[in-house]
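So the structure is just underneath, and the comments pick up after that.
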Amino acid sequence: MDEWIEFYTSFFISREEAALFVERFESLSLEHSRHPAKIMMHQTKRMVSLADDLPKIRPQREALQLLFLLICAEHISKLHDNFEGEGQSRAYTRRFFEELLPKSYRDTLERGFSSIDCQPLTVRKIVDLLYDVRCDVVHEGRYWGFHFHDGRTRMLNTDPDVIVNMRFEELREIVVHGCIEAVHKYGGRRPQSRRSG
């Protein structure tokens, strides 16, 4: 369980809280009605870790990293809803950000993006434009044209037309906290996770 605890530690107020989270859901057997919470916990770490590893083979290709964060969000949303069908990927990605993500993180997301004329965007609009970037990667093989804040300056993107005021790492944190929330909601207990911004 060490690899799971190590991954989740930075998202909780202490390593002990992260260990309690991991141990609680790791102990669920396949027959347990809340077993999907364990799968959610595992899949979050797997998908986000893939996003983390991508800069080693494709540096400065944040659209590739974004792809894995959105796959994670979609998958967690479908598991949380016990969805076993095909398709509805955009709808479930929206559901993750609009329904499973705590309000403080939705607010942070809204502060992280604006239109070209510096107008605020709704969570739905942000998710749709990020999903469009994901589709460009998956269907067109375009993974080089979208960028997050680089730590010094916000990024003006032209396809889609959006100003990004947040670093990739901030979106990563938002997604993981949304996943933790989903695991706890499915498992029946509120999280003791660390809050951001």
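Ordering of the structure tokens sets the chain letters (A, B, ...); residue numbers start at 1 within each chain; ligands are numbered from 1 in the order shown.
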
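Those residues in chain A carrying a DSSP assignment of strand (DSSP E or B), computed from the backbone, are Phe12, Phe113, Ser114, Pro120, Met155, Leu156, Asn157, Thr158, Asp161, Val162, Ile163, Val164 and Ser193 of chain A.
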
- Within 12 Å of A:Glu16, counting only C-alpha atoms, which residues show up once you throw out same-chain ones fewer than 6 positions away? Write them as number ranges by chain, please. A: 2, 5-6, 8-10, 22-23, 192-193

Would you export the selected residues with N, CA, C and O atoms as a JSON list (two decimals), in the first residue's frame, please?
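Output saved as again_37.json:
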```
[["chain", "number", "residue", "atom", "x", "y", "z"],
["A", 2, "ASP", "N", 2.15, 1.13, 0.17],
["A", 2, "ASP", "CA", 3.00, 2.31, 0.29],
["A", 2, "ASP", "C", 2.91, 3.23, -0.92],
["A", 2, "ASP", "O", 2.91, 4.45, -0.77],
["A", 5, "ILE", "N", -0.26, 5.29, -0.62],
["A", 5, "ILE", "CA", -0.14, 6.28, 0.46],
["A", 5, "ILE", "C", 0.79, 7.41, 0.02],
["A", 5, "ILE", "O", 0.48, 8.59, 0.22],
["A", 6, "GLU", "N", 1.90, 7.05, -0.60],
["A", 6, "GLU", "CA", 2.85, 8.07, -1.08],
["A", 6, "GLU", "C", 2.18, 9.02, -2.06],
["A", 6, "GLU", "O", 2.35, 10.24, -1.98],
["A", 8, "TYR", "N", -1.06, 9.78, -2.38],
["A", 8, "TYR", "CA", -2.13, 10.58, -1.80],
["A", 8, "TYR", "C", -1.69, 11.51, -0.67],
["A", 8, "TYR", "O", -2.43, 12.42, -0.30],
["A", 9, "THR", "N", -0.50, 11.32, -0.12],
["A", 9, "THR", "CA", -0.08, 12.10, 1.04],
["A", 9, "THR", "C", -0.17, 13.61, 0.83],
["A", 9, "THR", "O", -0.64, 14.34, 1.70],
["A", 10, "SER", "N", 0.23, 14.09, -0.32],
["A", 10, "SER", "CA", 0.24, 15.54, -0.53],
["A", 10, "SER", "C", -1.17, 16.13, -0.63],
["A", 10, "SER", "O", -1.34, 17.35, -0.59],
["A", 22, "VAL", "N", -6.37, 5.41, 2.32],
["A", 22, "VAL", "CA", -5.99, 4.26, 1.50],
["A", 22, "VAL", "C", -6.40, 2.95, 2.17],
["A", 22, "VAL", "O", -7.00, 2.08, 1.53],
["A", 23, "GLU", "N", -6.11, 2.80, 3.44],
["A", 23, "GLU", "CA", -6.41, 1.55, 4.14],
["A", 23, "GLU", "C", -7.91, 1.28, 4.17],
["A", 23, "GLU", "O", -8.34, 0.13, 4.04],
["A", 192, "GLN", "N", -10.97, 14.15, 4.64],
["A", 192, "GLN", "CA", -10.18, 15.07, 5.46],
["A", 192, "GLN", "C", -9.01, 15.54, 4.60],
["A", 192, "GLN", "O", -7.87, 15.51, 5.00],
["A", 193, "SER", "N", -9.32, 15.95, 3.37],
["A", 193, "SER", "CA", -8.25, 16.31, 2.45],
["A", 193, "SER", "C", -7.85, 17.76, 2.62],
["A", 193, "SER", "O", -8.57, 18.56, 3.21]]
```

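Note that atom CA of A:Leu100 and atom CA of A:His32 are 22.3 Å apart.
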
Counting only C-alpha atoms, what are the residues of stretch 43-64 of chain A within 12 Å of stretch 128-138 of chain A, and for each of them which pair of atoms is the nearest and at what distance in Å, to one decimal? Sort the table by chain and rising number, as CSV.
```
residue,atom,partner,partner_atom,distance
A:Arg61,CA,A:Val137,CA,10.5
A:Glu62,CA,A:Val133,CA,10.2
A:Ala63,CA,A:Val133,CA,6.8
A:Leu64,CA,A:Val137,CA,7.0
```

So that I have them on file, write out the residues from the current selection with N, CA and C atoms, as a tab-separated table (two decimals), in the first residue's frame.
```
chain	number	residue	atom	x	y	z
A	61	ARG	N	4.49	19.19	-23.49
A	61	ARG	CA	3.32	18.77	-24.26
A	61	ARG	C	2.17	18.57	-23.28
A	62	GLU	N	1.71	19.69	-22.72
A	62	GLU	CA	0.72	19.61	-21.64
A	62	GLU	C	-0.63	19.09	-22.11
A	63	ALA	N	-0.91	19.17	-23.39
A	63	ALA	CA	-2.16	18.61	-23.89
A	63	ALA	C	-2.20	17.10	-23.68
A	64	LEU	N	-1.04	16.44	-23.78
A	64	LEU	CA	-0.98	15.00	-23.50
A	64	LEU	C	-1.26	14.72	-22.03
```

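As for atom CA of A:His184 and atom CA of A:Ala37, they are spaced 7.5 Å apart.
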
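The nearest approach to A:Met155 among the residues A:Gly85, A:Ser114, A:Lys185, A:Cys179, with only C-alpha atoms taken into account, belongs to A:Ser114.
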
*Point-to-point distance from atom CA of A:Leu109 to atom CA of A:Val183, Å rounded to tenths*: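 Those two atoms sit 20.4 Å apart.
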
Near A:Ser77, within 10 Å and counting only C-alpha atoms, which residues show up once chain neighbours fewer than 2 positions away are dropped, as a PDB file with C-alpha atoms, in the first residue's frame?
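Here's the written file result-v1.pdb:
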```
ATOM      1  CA  MET A  40     -11.732   4.773  -8.123  1.00  0.00           C
ATOM      2  CA  ILE A  71      -9.675  10.384 -18.845  1.00  0.00           C
ATOM      3  CA  CYS A  72      -9.363  10.118 -15.076  1.00  0.00           C
ATOM      4  CA  ALA A  73     -12.224  12.572 -14.450  1.00  0.00           C
ATOM      5  CA  GLU A  74     -14.497  10.792 -16.928  1.00  0.00           C
ATOM      6  CA  HIS A  75     -13.697   7.348 -15.571  1.00  0.00           C
ATOM      7  CA  LEU A  79     -17.683   4.595 -11.780  1.00  0.00           C
ATOM      8  CA  HIS A  80     -19.319   6.900  -9.239  1.00  0.00           C
ATOM      9  CA  ASP A  81     -22.573   6.765 -11.220  1.00  0.00           C
ATOM     10  CA  ASN A  82     -22.330   2.976 -11.767  1.00  0.00           C
ATOM     11  CA  PHE A  83     -22.417   3.645 -15.511  1.00  0.00           C
ATOM     12  CA  SER A  89     -17.681  10.797 -22.335  1.00  0.00           C
ATOM     13  CA  ALA A  91     -21.317  14.377 -20.343  1.00  0.00           C
ATOM     14  CA  TYR A  92     -19.525  12.387 -17.653  1.00  0.00           C
ATOM     15  CA  THR A  93     -16.491  14.664 -17.762  1.00  0.00           C
ATOM     16  CA  ARG A  94     -18.840  17.620 -17.240  1.00  0.00           C
ATOM     17  CA  ARG A  95     -20.539  15.746 -14.398  1.00  0.00           C
ATOM     18  CA  PHE A  96     -17.202  15.248 -12.659  1.00  0.00           C
ATOM     19  CA  PHE A  97     -16.374  18.956 -12.638  1.00  0.00           C
ATOM     20  CA  GLU A  99     -21.205  17.755  -9.528  1.00  0.00           C
ATOM     21  CA  LEU A 100     -18.390  15.795  -7.895  1.00  0.00           C
ATOM     22  CA  GLY A 178     -12.409  15.762  -7.029  1.00  0.00           C
ATOM     23  CA  CYS A 179     -11.504  12.076  -7.235  1.00  0.00           C
ATOM     24  CA  ALA A 182     -15.966  10.977  -5.336  1.00  0.00           C
TER      25      ALA A 182
END
```

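Of the listed residues A:Val127, A:Leu67, A:Met47, A:Ile39, the one whose atoms come nearest to A:Arg142 is A:Leu67, with distances taken using only C-alpha atoms.
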
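Distances here use only C-alpha atoms; by that measure, the residue among A:Gly145, A:Gly188, A:Gly151, A:Gly112 closest to A:Leu171 is A:Gly112.
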
> Using only C-alpha atoms, which residue out of A:Glu181, A:Asp52, A:Glu140, A:Glu31 lies closest to A:Phe7?
Replying inline: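 Ranking A:Glu181, A:Asp52, A:Glu140, A:Glu31 by distance to A:Phe7, first place goes to A:Asp52.
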
Could you pull the residues within 10 Å of A:Gln119, counting only C-alpha atoms, minus those fewer than 5 positions along the same chain, as a list in words?
Phe113, Ser114, Val162 and Ile163 of chain A

Write out as a PDB file with all heavy atoms, in the first residue's frame all residues of stretch 114-175 of chain A that backbone DSSP assigns to helix (DSSP H, G or I).
```
ATOM      1  N   VAL A 123     -17.754  26.962 -15.381  1.00  0.00           N
ATOM      2  CA  VAL A 123     -17.136  25.637 -15.301  1.00  0.00           C
ATOM      3  C   VAL A 123     -17.487  24.834 -16.551  1.00  0.00           C
ATOM      4  O   VAL A 123     -16.613  24.181 -17.141  1.00  0.00           O
ATOM      5  CB  VAL A 123     -17.561  24.898 -14.014  1.00  0.00           C
ATOM      6  CG1 VAL A 123     -17.128  23.439 -14.061  1.00  0.00           C
ATOM      7  CG2 VAL A 123     -16.979  25.579 -12.785  1.00  0.00           C
ATOM      8  N   ARG A 124     -18.733  24.890 -16.995  1.00  0.00           N
ATOM      9  CA  ARG A 124     -19.148  24.145 -18.197  1.00  0.00           C
ATOM     10  C   ARG A 124     -18.310  24.560 -19.403  1.00  0.00           C
ATOM     11  O   ARG A 124     -17.843  23.721 -20.169  1.00  0.00           O
ATOM     12  CB  ARG A 124     -20.638  24.390 -18.447  1.00  0.00           C
ATOM     13  CG  ARG A 124     -21.201  23.889 -19.782  1.00  0.00           C
ATOM     14  CD  ARG A 124     -21.267  22.380 -19.933  1.00  0.00           C
ATOM     15  NE  ARG A 124     -22.059  21.728 -18.950  1.00  0.00           N
ATOM     16  CZ  ARG A 124     -23.330  21.344 -19.104  1.00  0.00           C
ATOM     17  NH1 ARG A 124     -23.962  21.584 -20.227  1.00  0.00           N
ATOM     18  NH2 ARG A 124     -23.950  20.707 -18.129  1.00  0.00           N
ATOM     19  N   LYS A 125     -18.136  25.853 -19.593  1.00  0.00           N
ATOM     20  CA  LYS A 125     -17.366  26.350 -20.743  1.00  0.00           C
ATOM     21  C   LYS A 125     -15.911  25.899 -20.642  1.00  0.00           C
ATOM     22  O   LYS A 125     -15.308  25.479 -21.639  1.00  0.00           O
ATOM     23  CB  LYS A 125     -17.463  27.880 -20.802  1.00  0.00           C
ATOM     24  CG  LYS A 125     -16.734  28.497 -21.959  1.00  0.00           C
ATOM     25  CD  LYS A 125     -17.424  28.200 -23.268  1.00  0.00           C
ATOM     26  CE  LYS A 125     -16.700  28.914 -24.412  1.00  0.00           C
ATOM     27  NZ  LYS A 125     -17.132  28.435 -25.713  1.00  0.00           N
ATOM     28  N   ILE A 126     -15.347  25.960 -19.453  1.00  0.00           N
ATOM     29  CA  ILE A 126     -13.957  25.531 -19.254  1.00  0.00           C
ATOM     30  C   ILE A 126     -13.809  24.047 -19.555  1.00  0.00           C
ATOM     31  O   ILE A 126     -12.889  23.631 -20.278  1.00  0.00           O
ATOM     32  CB  ILE A 126     -13.496  25.848 -17.820  1.00  0.00           C
ATOM     33  CG1 ILE A 126     -13.426  27.366 -17.604  1.00  0.00           C
ATOM     34  CG2 ILE A 126     -12.137  25.194 -17.519  1.00  0.00           C
ATOM     35  CD1 ILE A 126     -13.344  27.778 -16.148  1.00  0.00           C
ATOM     36  N   VAL A 127     -14.713  23.244 -19.018  1.00  0.00           N
ATOM     37  CA  VAL A 127     -14.636  21.800 -19.245  1.00  0.00           C
ATOM     38  C   VAL A 127     -14.790  21.495 -20.733  1.00  0.00           C
ATOM     39  O   VAL A 127     -14.059  20.658 -21.283  1.00  0.00           O
ATOM     40  CB  VAL A 127     -15.696  21.048 -18.404  1.00  0.00           C
ATOM     41  CG1 VAL A 127     -15.754  19.578 -18.793  1.00  0.00           C
ATOM     42  CG2 VAL A 127     -15.398  21.201 -16.921  1.00  0.00           C
ATOM     43  N   ASP A 128     -15.710  22.179 -21.399  1.00  0.00           N
ATOM     44  CA  ASP A 128     -15.898  21.931 -22.825  1.00  0.00           C
ATOM     45  C   ASP A 128     -14.659  22.294 -23.641  1.00  0.00           C
ATOM     46  O   ASP A 128     -14.279  21.557 -24.552  1.00  0.00           O
ATOM     47  CB  ASP A 128     -17.119  22.687 -23.345  1.00  0.00           C
ATOM     48  CG  ASP A 128     -18.427  21.984 -23.009  1.00  0.00           C
ATOM     49  OD1 ASP A 128     -18.396  20.807 -22.565  1.00  0.00           O
ATOM     50  OD2 ASP A 128     -19.484  22.612 -23.195  1.00  0.00           O
ATOM     51  N   LEU A 129     -14.006  23.394 -23.304  1.00  0.00           N
ATOM     52  CA  LEU A 129     -12.818  23.744 -24.086  1.00  0.00           C
ATOM     53  C   LEU A 129     -11.667  22.785 -23.787  1.00  0.00           C
ATOM     54  O   LEU A 129     -10.913  22.412 -24.690  1.00  0.00           O
ATOM     55  CB  LEU A 129     -12.424  25.201 -23.888  1.00  0.00           C
ATOM     56  CG  LEU A 129     -11.804  25.694 -22.593  1.00  0.00           C
ATOM     57  CD1 LEU A 129     -10.303  25.515 -22.596  1.00  0.00           C
ATOM     58  CD2 LEU A 129     -12.114  27.185 -22.448  1.00  0.00           C
ATOM     59  N   LEU A 130     -11.527  22.342 -22.526  1.00  0.00           N
ATOM     60  CA  LEU A 130     -10.505  21.343 -22.208  1.00  0.00           C
ATOM     61  C   LEU A 130     -10.823  20.015 -22.894  1.00  0.00           C
ATOM     62  O   LEU A 130      -9.918  19.322 -23.383  1.00  0.00           O
ATOM     63  CB  LEU A 130     -10.392  21.153 -20.691  1.00  0.00           C
ATOM     64  CG  LEU A 130      -9.852  22.345 -19.905  1.00  0.00           C
ATOM     65  CD1 LEU A 130      -9.878  22.041 -18.404  1.00  0.00           C
ATOM     66  CD2 LEU A 130      -8.461  22.736 -20.359  1.00  0.00           C
ATOM     67  N   TYR A 131     -12.112  19.681 -22.945  1.00  0.00           N
ATOM     68  CA  TYR A 131     -12.515  18.445 -23.615  1.00  0.00           C
ATOM     69  C   TYR A 131     -12.224  18.533 -25.114  1.00  0.00           C
ATOM     70  O   TYR A 131     -11.826  17.542 -25.731  1.00  0.00           O
ATOM     71  CB  TYR A 131     -13.984  18.151 -23.350  1.00  0.00           C
ATOM     72  CG  TYR A 131     -14.353  16.742 -23.704  1.00  0.00           C
ATOM     73  CD1 TYR A 131     -14.167  15.709 -22.791  1.00  0.00           C
ATOM     74  CD2 TYR A 131     -14.838  16.420 -24.971  1.00  0.00           C
ATOM     75  CE1 TYR A 131     -14.471  14.396 -23.117  1.00  0.00           C
ATOM     76  CE2 TYR A 131     -15.155  15.115 -25.301  1.00  0.00           C
ATOM     77  CZ  TYR A 131     -14.965  14.106 -24.375  1.00  0.00           C
ATOM     78  OH  TYR A 131     -15.258  12.807 -24.709  1.00  0.00           O
ATOM     79  N   ASP A 132     -12.391  19.717 -25.698  1.00  0.00           N
ATOM     80  CA  ASP A 132     -12.055  19.889 -27.116  1.00  0.00           C
ATOM     81  C   ASP A 132     -10.561  19.672 -27.352  1.00  0.00           C
ATOM     82  O   ASP A 132     -10.168  19.090 -28.370  1.00  0.00           O
ATOM     83  CB  ASP A 132     -12.475  21.279 -27.602  1.00  0.00           C
ATOM     84  CG  ASP A 132     -13.991  21.434 -27.701  1.00  0.00           C
ATOM     85  OD1 ASP A 132     -14.713  20.410 -27.692  1.00  0.00           O
ATOM     86  OD2 ASP A 132     -14.451  22.597 -27.777  1.00  0.00           O
ATOM     87  N   VAL A 133      -9.727  20.131 -26.417  1.00  0.00           N
ATOM     88  CA  VAL A 133      -8.279  19.886 -26.521  1.00  0.00           C
ATOM     89  C   VAL A 133      -8.024  18.382 -26.464  1.00  0.00           C
ATOM     90  O   VAL A 133      -7.243  17.838 -27.253  1.00  0.00           O
ATOM     91  CB  VAL A 133      -7.499  20.622 -25.409  1.00  0.00           C
ATOM     92  CG1 VAL A 133      -6.025  20.205 -25.400  1.00  0.00           C
ATOM     93  CG2 VAL A 133      -7.630  22.132 -25.560  1.00  0.00           C
ATOM     94  N   ARG A 134      -8.698  17.709 -25.549  1.00  0.00           N
ATOM     95  CA  ARG A 134      -8.582  16.245 -25.425  1.00  0.00           C
ATOM     96  C   ARG A 134      -8.943  15.566 -26.736  1.00  0.00           C
ATOM     97  O   ARG A 134      -8.255  14.661 -27.199  1.00  0.00           O
ATOM     98  CB  ARG A 134      -9.489  15.768 -24.292  1.00  0.00           C
ATOM     99  CG  ARG A 134      -9.707  14.257 -24.241  1.00  0.00           C
ATOM    100  CD  ARG A 134     -11.228  13.990 -24.202  1.00  0.00           C
ATOM    101  NE  ARG A 134     -11.545  12.597 -24.068  1.00  0.00           N
ATOM    102  CZ  ARG A 134     -11.967  11.809 -25.070  1.00  0.00           C
ATOM    103  NH1 ARG A 134     -12.100  12.290 -26.288  1.00  0.00           N
ATOM    104  NH2 ARG A 134     -12.253  10.547 -24.852  1.00  0.00           N
ATOM    105  N   CYS A 135     -10.029  16.022 -27.371  1.00  0.00           N
ATOM    106  CA  CYS A 135     -10.466  15.436 -28.640  1.00  0.00           C
ATOM    107  C   CYS A 135      -9.443  15.681 -29.744  1.00  0.00           C
ATOM    108  O   CYS A 135      -9.209  14.803 -30.583  1.00  0.00           O
ATOM    109  CB  CYS A 135     -11.833  15.983 -29.041  1.00  0.00           C
ATOM    110  SG  CYS A 135     -13.168  15.348 -28.012  1.00  0.00           S
ATOM    111  N   ASP A 136      -8.810  16.861 -29.753  1.00  0.00           N
ATOM    112  CA  ASP A 136      -7.753  17.124 -30.735  1.00  0.00           C
ATOM    113  C   ASP A 136      -6.591  16.150 -30.568  1.00  0.00           C
ATOM    114  O   ASP A 136      -6.009  15.693 -31.555  1.00  0.00           O
ATOM    115  CB  ASP A 136      -7.233  18.559 -30.596  1.00  0.00           C
ATOM    116  CG  ASP A 136      -8.137  19.579 -31.265  1.00  0.00           C
ATOM    117  OD1 ASP A 136      -9.044  19.179 -32.022  1.00  0.00           O
ATOM    118  OD2 ASP A 136      -7.924  20.787 -31.032  1.00  0.00           O
ATOM    119  N   VAL A 137      -6.267  15.832 -29.326  1.00  0.00           N
ATOM    120  CA  VAL A 137      -5.184  14.873 -29.070  1.00  0.00           C
ATOM    121  C   VAL A 137      -5.595  13.483 -29.537  1.00  0.00           C
ATOM    122  O   VAL A 137      -4.869  12.813 -30.281  1.00  0.00           O
ATOM    123  CB  VAL A 137      -4.800  14.842 -27.578  1.00  0.00           C
ATOM    124  CG1 VAL A 137      -3.792  13.725 -27.301  1.00  0.00           C
ATOM    125  CG2 VAL A 137      -4.247  16.185 -27.128  1.00  0.00           C
ATOM    126  N   VAL A 138      -6.783  13.043 -29.132  1.00  0.00           N
ATOM    127  CA  VAL A 138      -7.228  11.681 -29.411  1.00  0.00           C
ATOM    128  C   VAL A 138      -7.547  11.461 -30.887  1.00  0.00           C
ATOM    129  O   VAL A 138      -7.136  10.458 -31.478  1.00  0.00           O
ATOM    130  CB  VAL A 138      -8.468  11.326 -28.544  1.00  0.00           C
ATOM    131  CG1 VAL A 138      -9.079  10.001 -28.965  1.00  0.00           C
ATOM    132  CG2 VAL A 138      -8.092  11.299 -27.073  1.00  0.00           C
ATOM    133  N   HIS A 139      -8.265  12.389 -31.496  1.00  0.00           N
ATOM    134  CA  HIS A 139      -8.775  12.167 -32.848  1.00  0.00           C
ATOM    135  C   HIS A 139      -7.904  12.758 -33.952  1.00  0.00           C
ATOM    136  O   HIS A 139      -7.945  12.285 -35.088  1.00  0.00           O
ATOM    137  CB  HIS A 139     -10.200  12.718 -32.968  1.00  0.00           C
ATOM    138  CG  HIS A 139     -11.140  12.121 -31.986  1.00  0.00           C
ATOM    139  ND1 HIS A 139     -11.466  10.778 -31.976  1.00  0.00           N
ATOM    140  CD2 HIS A 139     -11.819  12.671 -30.946  1.00  0.00           C
ATOM    141  CE1 HIS A 139     -12.304  10.530 -30.982  1.00  0.00           C
ATOM    142  NE2 HIS A 139     -12.536  11.660 -30.333  1.00  0.00           N
ATOM    143  N   GLU A 140      -7.145  13.798 -33.627  1.00  0.00           N
ATOM    144  CA  GLU A 140      -6.323  14.460 -34.643  1.00  0.00           C
ATOM    145  C   GLU A 140      -4.830  14.278 -34.408  1.00  0.00           C
ATOM    146  O   GLU A 140      -4.029  14.650 -35.259  1.00  0.00           O
ATOM    147  CB  GLU A 140      -6.639  15.963 -34.686  1.00  0.00           C
ATOM    148  CG  GLU A 140      -8.109  16.301 -34.872  1.00  0.00           C
ATOM    149  CD  GLU A 140      -8.675  15.824 -36.201  1.00  0.00           C
ATOM    150  OE1 GLU A 140      -7.897  15.768 -37.182  1.00  0.00           O
ATOM    151  OE2 GLU A 140      -9.871  15.504 -36.267  1.00  0.00           O
ATOM    152  N   PHE A 168      -0.482  23.672 -14.915  1.00  0.00           N
ATOM    153  CA  PHE A 168      -0.998  22.312 -15.046  1.00  0.00           C
ATOM    154  C   PHE A 168      -1.108  21.650 -13.680  1.00  0.00           C
ATOM    155  O   PHE A 168      -2.082  20.950 -13.394  1.00  0.00           O
ATOM    156  CB  PHE A 168      -0.094  21.475 -15.962  1.00  0.00           C
ATOM    157  CG  PHE A 168      -0.490  20.028 -15.966  1.00  0.00           C
ATOM    158  CD1 PHE A 168      -1.543  19.582 -16.731  1.00  0.00           C
ATOM    159  CD2 PHE A 168       0.186  19.112 -15.167  1.00  0.00           C
ATOM    160  CE1 PHE A 168      -1.932  18.252 -16.706  1.00  0.00           C
ATOM    161  CE2 PHE A 168      -0.193  17.785 -15.136  1.00  0.00           C
ATOM    162  CZ  PHE A 168      -1.257  17.348 -15.909  1.00  0.00           C
ATOM    163  N   GLU A 169      -0.117  21.878 -12.815  1.00  0.00           N
ATOM    164  CA  GLU A 169      -0.095  21.254 -11.492  1.00  0.00           C
ATOM    165  C   GLU A 169      -1.318  21.643 -10.657  1.00  0.00           C
ATOM    166  O   GLU A 169      -1.785  20.853  -9.841  1.00  0.00           O
ATOM    167  CB  GLU A 169       1.193  21.629 -10.748  1.00  0.00           C
ATOM    168  CG  GLU A 169       2.452  21.056 -11.360  1.00  0.00           C
ATOM    169  CD  GLU A 169       2.937  21.802 -12.605  1.00  0.00           C
ATOM    170  OE1 GLU A 169       2.463  22.925 -12.875  1.00  0.00           O
ATOM    171  OE2 GLU A 169       3.784  21.233 -13.317  1.00  0.00           O
ATOM    172  N   GLU A 170      -1.823  22.839 -10.867  1.00  0.00           N
ATOM    173  CA  GLU A 170      -3.024  23.271 -10.151  1.00  0.00           C
ATOM    174  C   GLU A 170      -4.253  22.502 -10.628  1.00  0.00           C
ATOM    175  O   GLU A 170      -5.089  22.098  -9.824  1.00  0.00           O
ATOM    176  CB  GLU A 170      -3.232  24.775 -10.320  1.00  0.00           C
ATOM    177  CG  GLU A 170      -2.162  25.609  -9.643  1.00  0.00           C
ATOM    178  CD  GLU A 170      -2.294  27.078  -9.977  1.00  0.00           C
ATOM    179  OE1 GLU A 170      -1.912  27.469 -11.104  1.00  0.00           O
ATOM    180  OE2 GLU A 170      -2.790  27.833  -9.113  1.00  0.00           O
ATOM    181  N   LEU A 171      -4.357  22.309 -11.944  1.00  0.00           N
ATOM    182  CA  LEU A 171      -5.475  21.515 -12.457  1.00  0.00           C
ATOM    183  C   LEU A 171      -5.353  20.074 -11.974  1.00  0.00           C
ATOM    184  O   LEU A 171      -6.346  19.449 -11.592  1.00  0.00           O
ATOM    185  CB  LEU A 171      -5.523  21.557 -13.979  1.00  0.00           C
ATOM    186  CG  LEU A 171      -6.682  20.772 -14.600  1.00  0.00           C
ATOM    187  CD1 LEU A 171      -8.040  21.339 -14.163  1.00  0.00           C
ATOM    188  CD2 LEU A 171      -6.569  20.764 -16.123  1.00  0.00           C
ATOM    189  N   ARG A 172      -4.141  19.559 -11.956  1.00  0.00           N
ATOM    190  CA  ARG A 172      -3.892  18.202 -11.440  1.00  0.00           C
ATOM    191  C   ARG A 172      -4.412  18.081 -10.011  1.00  0.00           C
ATOM    192  O   ARG A 172      -5.097  17.118  -9.664  1.00  0.00           O
ATOM    193  CB  ARG A 172      -2.394  17.916 -11.494  1.00  0.00           C
ATOM    194  CG  ARG A 172      -1.967  16.594 -10.886  1.00  0.00           C
ATOM    195  CD  ARG A 172      -0.433  16.532 -10.814  1.00  0.00           C
ATOM    196  NE  ARG A 172       0.053  15.266 -10.318  1.00  0.00           N
ATOM    197  CZ  ARG A 172       0.227  14.967  -9.033  1.00  0.00           C
ATOM    198  NH1 ARG A 172      -0.073  15.847  -8.082  1.00  0.00           N
ATOM    199  NH2 ARG A 172       0.693  13.778  -8.685  1.00  0.00           N
ATOM    200  N   GLU A 173      -4.096  19.067  -9.175  1.00  0.00           N
ATOM    201  CA  GLU A 173      -4.550  19.029  -7.788  1.00  0.00           C
ATOM    202  C   GLU A 173      -6.077  19.066  -7.694  1.00  0.00           C
ATOM    203  O   GLU A 173      -6.678  18.332  -6.916  1.00  0.00           O
ATOM    204  CB  GLU A 173      -3.942  20.199  -7.009  1.00  0.00           C
ATOM    205  CG  GLU A 173      -4.354  20.173  -5.549  1.00  0.00           C
ATOM    206  CD  GLU A 173      -3.600  21.183  -4.697  1.00  0.00           C
ATOM    207  OE1 GLU A 173      -2.428  21.464  -4.994  1.00  0.00           O
ATOM    208  OE2 GLU A 173      -4.205  21.668  -3.731  1.00  0.00           O
ATOM    209  N   ILE A 174      -6.692  19.905  -8.510  1.00  0.00           N
ATOM    210  CA  ILE A 174      -8.152  19.997  -8.534  1.00  0.00           C
ATOM    211  C   ILE A 174      -8.768  18.648  -8.893  1.00  0.00           C
ATOM    212  O   ILE A 174      -9.700  18.180  -8.239  1.00  0.00           O
ATOM    213  CB  ILE A 174      -8.598  21.100  -9.519  1.00  0.00           C
ATOM    214  CG1 ILE A 174      -8.307  22.484  -8.933  1.00  0.00           C
ATOM    215  CG2 ILE A 174     -10.072  20.957  -9.887  1.00  0.00           C
ATOM    216  CD1 ILE A 174      -8.488  23.626  -9.916  1.00  0.00           C
ATOM    217  N   VAL A 175      -8.240  18.015  -9.932  1.00  0.00           N
ATOM    218  CA  VAL A 175      -8.789  16.726 -10.374  1.00  0.00           C
ATOM    219  C   VAL A 175      -8.627  15.669  -9.281  1.00  0.00           C
ATOM    220  O   VAL A 175      -9.569  14.928  -8.980  1.00  0.00           O
ATOM    221  CB  VAL A 175      -8.143  16.268 -11.704  1.00  0.00           C
ATOM    222  CG1 VAL A 175      -8.508  14.822 -12.026  1.00  0.00           C
ATOM    223  CG2 VAL A 175      -8.581  17.194 -12.833  1.00  0.00           C
TER     224      VAL A 175
END
```

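Minimum atom-to-atom distance to A:Gln43, evaluated using only C-alpha atoms, belongs to A:Lys78 out of A:Arg90, A:Lys78, A:Arg106, A:Arg111.
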